[in-house]
$ cat upload.txt   # compact mmCIF, C-alpha atoms
# COMPACT_ATOMS: atom_id res chain seq x y z
CA MET A 21 -45.17 13.94 61.91
CA THR A 22 -42.69 13.72 59.03
CA THR A 23 -41.85 10.15 60.00
CA ASP A 24 -45.54 9.20 59.98
CA THR A 25 -45.93 10.82 56.57
CA HIS A 26 -42.91 8.97 55.19
CA ARG A 27 -44.27 5.70 56.52
CA ALA A 28 -47.62 6.46 54.91
CA ILE A 29 -45.90 7.26 51.59
CA ASP A 30 -43.92 4.01 51.81
CA ALA A 31 -47.11 2.03 52.47
CA VAL A 32 -49.00 3.77 49.66
CA TRP A 33 -46.10 3.15 47.28
CA ARG A 34 -46.01 -0.57 48.08
CA ILE A 35 -49.74 -0.87 47.51
CA GLU A 36 -50.14 1.43 44.50
CA SER A 37 -46.84 1.18 42.55
CA ALA A 38 -47.78 -1.87 40.48
CA LYS A 39 -51.18 -0.40 39.52
CA LEU A 40 -49.55 2.96 38.84
CA ILE A 41 -46.86 1.50 36.56
CA ALA A 42 -49.40 -0.75 34.80
CA GLY A 43 -51.75 2.16 34.11
CA LEU A 44 -48.94 4.39 32.93
CA THR A 45 -47.57 1.64 30.68
CA ARG A 46 -50.98 1.36 29.03
CA ILE A 47 -50.97 5.11 28.41
CA VAL A 48 -47.36 5.68 27.28
CA ARG A 49 -46.71 2.15 25.89
CA ASP A 50 -43.21 2.11 27.38
CA VAL A 51 -42.49 0.29 30.64
CA GLY A 52 -39.25 2.18 31.27
CA LEU A 53 -40.92 5.54 30.81
CA ALA A 54 -43.85 4.41 32.96
CA GLU A 55 -41.45 3.48 35.77
CA ASP A 56 -39.71 6.84 35.46
CA LEU A 57 -43.00 8.71 35.62
CA ALA A 58 -44.11 6.68 38.65
CA GLN A 59 -40.81 7.46 40.38
CA ASP A 60 -41.22 11.14 39.55
CA ALA A 61 -44.69 11.04 41.14
CA LEU A 62 -43.21 9.38 44.22
CA VAL A 63 -40.57 12.11 44.49
CA ALA A 64 -43.30 14.73 44.20
CA ALA A 65 -45.23 12.98 47.00
CA LEU A 66 -42.11 12.93 49.17
CA GLU A 67 -41.68 16.66 48.59
CA GLN A 68 -45.30 17.76 48.99
CA TRP A 69 -47.07 15.38 51.36
CA PRO A 70 -44.99 16.20 54.45
CA GLN A 71 -46.26 19.82 54.22
CA SER A 72 -49.76 19.29 52.82
CA GLY A 73 -50.53 15.89 54.30
CA VAL A 74 -51.44 12.62 52.62
CA PRO A 75 -54.38 13.12 50.23
CA THR A 76 -57.60 11.19 50.75
CA ASN A 77 -56.96 9.12 47.61
CA PRO A 78 -53.14 8.85 47.39
CA GLY A 79 -53.19 6.36 44.47
CA ALA A 80 -55.23 8.75 42.34
CA TRP A 81 -52.96 11.63 43.34
CA LEU A 82 -49.88 9.64 42.25
CA MET A 83 -51.55 8.66 38.94
CA ALA A 84 -52.63 12.25 38.20
CA THR A 85 -49.15 13.56 38.98
CA ALA A 86 -47.48 10.90 36.85
CA LYS A 87 -49.92 11.53 33.95
CA ARG A 88 -49.20 15.26 34.07
CA ARG A 89 -45.47 14.57 33.97
CA GLY A 90 -46.02 12.13 31.11
CA ILE A 91 -47.97 14.73 29.16
CA ASP A 92 -45.20 17.25 29.81
CA ALA A 93 -42.61 14.71 28.59
CA MET A 94 -44.62 14.04 25.42
CA ARG A 95 -44.96 17.76 24.76
CA ARG A 96 -41.22 18.22 25.27
CA GLY A 97 -40.57 15.31 22.91
CA ALA A 98 -42.88 16.75 20.26
CA MET A 99 -41.25 20.16 20.64
CA GLN A 100 -37.82 18.57 20.40
CA ASP A 101 -38.86 16.71 17.23
CA ARG A 102 -40.09 19.97 15.69
CA LYS A 103 -36.85 21.71 16.64
CA HIS A 104 -34.76 18.87 15.18
CA GLU A 105 -36.77 19.05 11.97
CA GLN A 106 -36.28 22.81 11.82
CA VAL A 107 -32.53 22.47 12.41
CA GLY A 108 -32.42 19.77 9.73
CA TYR A 109 -34.04 22.12 7.20
CA GLU A 110 -31.64 24.90 8.15
CA LEU A 111 -28.62 22.60 7.84
CA GLU A 112 -29.82 21.37 4.45
CA SER A 113 -30.23 24.91 3.14
CA LYS A 114 -26.80 25.86 4.49
CA ARG A 115 -25.30 22.75 2.93
CA GLU A 116 -26.71 23.75 -0.45
CA THR A 117 -25.21 27.22 -0.01
CA VAL A 118 -21.84 25.81 1.00
CA VAL A 119 -21.83 23.40 -1.95
CA ALA A 120 -22.61 26.27 -4.32
CA GLU A 121 -19.83 28.39 -2.79
CA LEU A 122 -17.40 25.47 -2.98
CA ASP A 123 -18.26 24.89 -6.62
CA ALA A 124 -17.68 28.57 -7.33
CA ALA A 125 -14.36 28.49 -5.47
CA LEU A 126 -13.25 25.39 -7.38
CA ASP A 127 -14.09 27.07 -10.66
CA ASP A 128 -11.95 30.05 -9.63
CA ASN A 129 -8.57 30.17 -11.32
CA VAL A 130 -5.66 29.14 -9.18
CA GLY A 131 -3.14 31.94 -9.18
CA ASP A 132 0.07 31.41 -11.12
CA ASP A 133 2.15 31.73 -7.95
CA ILE A 134 0.16 29.03 -6.16
CA LEU A 135 0.37 26.77 -9.19
CA ARG A 136 4.13 27.31 -9.37
CA LEU A 137 4.38 26.44 -5.67
CA ILE A 138 2.40 23.24 -6.23
CA PHE A 139 4.74 22.14 -9.02
CA MET A 140 7.81 23.08 -7.00
CA SER A 141 6.75 21.18 -3.90
CA CYS A 142 6.07 18.09 -6.04
CA HIS A 143 9.29 18.38 -8.07
CA PRO A 144 10.71 14.99 -9.10
CA VAL A 145 14.18 15.78 -7.69
CA LEU A 146 12.69 15.62 -4.19
CA SER A 147 12.31 12.41 -2.25
CA THR A 148 8.76 11.22 -1.65
CA GLU A 149 9.05 12.08 2.04
CA GLY A 150 10.45 15.51 1.20
CA ARG A 151 7.67 16.21 -1.32
CA THR A 152 5.00 15.17 1.15
CA ALA A 153 6.40 17.19 4.06
CA LEU A 154 7.01 20.28 1.92
CA THR A 155 3.55 20.12 0.31
CA LEU A 156 1.81 19.74 3.68
CA ARG A 157 3.85 22.61 5.12
CA LEU A 158 3.62 25.09 2.25
CA LEU A 159 0.24 24.30 0.69
CA GLY A 160 -1.59 22.55 3.52
CA GLY A 161 -0.55 25.09 6.13
CA LEU A 162 0.31 22.38 8.66
CA THR A 163 2.98 22.94 11.26
CA THR A 164 6.04 20.75 11.48
CA GLU A 165 4.67 19.27 14.68
CA GLU A 166 1.35 18.37 13.03
CA ILE A 167 3.11 16.72 10.09
CA ALA A 168 5.35 14.74 12.43
CA ARG A 169 2.36 13.55 14.41
CA ALA A 170 0.57 12.48 11.24
CA PHE A 171 3.54 10.38 10.09
CA LEU A 172 4.49 9.18 13.58
CA VAL A 173 8.05 10.45 13.27
CA PRO A 174 10.00 12.88 15.43
CA GLU A 175 9.48 16.56 14.73
CA ALA A 176 13.18 17.01 14.05
CA THR A 177 12.97 14.42 11.25
CA VAL A 178 10.18 16.31 9.51
CA ALA A 179 11.97 19.63 9.98
CA GLN A 180 15.10 18.15 8.43
CA ARG A 181 13.11 16.76 5.47
CA ILE A 182 11.63 20.19 4.81
CA VAL A 183 15.03 21.90 5.04
CA ARG A 184 16.59 19.30 2.69
CA ALA A 185 13.72 19.65 0.24
CA LYS A 186 14.10 23.44 0.14
CA ARG A 187 17.86 23.10 -0.29
CA THR A 188 17.44 20.54 -3.08
CA LEU A 189 14.99 22.84 -4.87
CA ALA A 190 17.35 25.79 -4.50
CA ASP A 191 20.22 23.72 -5.97
CA ALA A 192 18.04 22.39 -8.82
CA GLU A 193 16.79 25.81 -9.93
CA PRO A 194 18.77 27.37 -12.74
CA THR A 195 20.06 30.76 -11.81

$ encode --input "upload.txt" --output "structure tokens"
Amino acid sequence: MTTDTHRAIDAVWRIESAKLIAGLTRIVRDVGLAEDLAQDALVAALEQWPQSGVPTNPGAWLMATAKRRGIDAMRRGAMQDRKHEQVGYELESKRETVVAELDAALDDNVGDDILRLIFMSCHPVLSTEGRTALTLRLLGGLTTEEIARAFLVPEATVAQRIVRAKRTLADAEPT
């Protein structure tokens, strides 16, 4: 029985698929989507017809099933568009809040200790590499490994630059 049903579905598909895709294309105005909907209807037929039998008008059944799936897809698309719009509004309002908070943070006074650390890490007695490594380590909060990766040098090289920079600063400071 199942084999007869599958043969009937195959025959119906060969006869009706072109009309089905053409009709769906007219409705959805997208050949790719029309083909997908027709294939979905075929899958539904393969699932349901072996149990319920081939309907009296299988072409109409396939078209109705594909149309329903198309309507569902359009509804999902419309819902998705509304959700994207809603998320866009939420992101925009959050962005405005973040910008306001950032502006307030930038207007905040930098503490004297932080400012002193900035000037120390950029001291002219340090080499350019030492200044960069020390600044990224102390003020940027990067690890030695992260700094080494950024400059494509061995980690030991960056560690040595930081140690030398600290030593140079200690020697340059009047006691």

$ closest_residue --input "upload.txt" --among "A:Gln68, A:Thr164, A:Thr45, A:Gln59" --to "Thr25 in chain A" --atoms "all atoms listed in the file"
A:Gln68

$ residues_around --input "upload.txt" --residues "range 151-163 of chain A" --least-positions-apart "4" --cutoff "9 Å" --atoms "only C-alpha atoms" --output "PyMOL selection string"
chain A and resi 134+137-138+140-144+146-147+167-168+178-179+181-183+185-186

$ atom_distance --input "upload.txt" --atom1 "CA of Gln100 in chain A" --atom2 "CA of Leu53 in chain A"
17.0 Å

$ residues_around --input "upload.txt" --residues "range 83-92 of chain A" --least-positions-apart "6" --cutoff "6 Å" --atoms "all atoms listed in the file" --output "ChimeraX atom specification"
/A:57-58,61

$ closest_residue --input "upload.txt" --among "A:Ile41, A:Arg102, A:Gly150, A:Asp132" --to "Asp60 in chain A" --atoms "all atoms listed in the file"
A:Ile41

$ closest_residue --input "upload.txt" --among "A:Arg95, A:His26, A:Arg136, A:Arg115" --to "Gln71 in chain A" --atoms "only C-alpha atoms"
A:His26
